[in-house]
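Undergrad: Here it is, the structure in full.
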Amino acid sequence: MTKKIKTVKCDGGDKDLGHPHVYLSVSKEQKAVCPYCGKIFELKDKD
Ligand SMILES: [Zn+2]
């Protein structure tokens with residue numbers, strides 16, 4: 001089994017109300033939460 005870890009970037013999303021770019025690691029088992037805006041990233045896995 002290979003563990004898939006993806007790196008996602010969050011910069012706040014919308015144009016002007018952003019924050020510094022942060023990179024978060026997200027895997028199938030582990031969600032990532034942006035420390036700035038609280039956005040949750042999860043891997044969508046379609047087998
Ligand atoms: Zn964010």
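The way I read the labels, and the way they are meant: chains A, B, ... in the order of the structure tokens, residue 1 as the first residue of every chain, and ligand 1 as the first ligand shown, with later ones counted on from there.
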Could you make a table, as a Markdown table, of the residues of chain A that have an atom within 6 Å of an atom of ligand 1, each with its nearest atom pair and distance in Å to one decimal, counting only C-alpha atoms and all ligand atoms, in chain and number order?
TA:
```
| residue | atom | partner | partner_atom_place_in_ligand_line | distance |
| --- | --- | --- | --- | --- |
| A:Cys10 | CA | ligand 1 | 1 (Zn) | 4.5 |
| A:Asp11 | CA | ligand 1 | 1 (Zn) | 5.1 |
| A:Gly12 | CA | ligand 1 | 1 (Zn) | 4.1 |
| A:Cys34 | CA | ligand 1 | 1 (Zn) | 4.7 |
| A:Tyr36 | CA | ligand 1 | 1 (Zn) | 5.0 |
| A:Cys37 | CA | ligand 1 | 1 (Zn) | 4.2 |
| A:Lys39 | CA | ligand 1 | 1 (Zn) | 5.6 |
```
Undergrad: Can you list, as a PyMOL selection string, every protein, DNA or RNA residue that comes within 8 Å of range 27-29 of chain A when you count only C-alpha atoms, leaving out same-chain residues fewer than 3 positions away?
TA: chain A and resi 3-6+42-45
Undergrad: Got a sec: who's within 8 Å of Val8 in chain A, counting only C-alpha atoms, leaving out chain neighbours fewer than 6 positions off, as an MDAnalysis selection string?
TA: chainID A and resid 23:26 41
Undergrad: Give me, as a list in words, the residues of chain A that a backbone DSSP run labels strand (DSSP E).
TA: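 Listing strand (DSSP E) positions across chain A yields Ile5, Lys6, Thr7, Val8, Lys9, Cys10, Val22, Tyr23, Leu24, Ser25, Val26, Ser27, Ala32, Val33, Ile40 and Phe41 of chain A.
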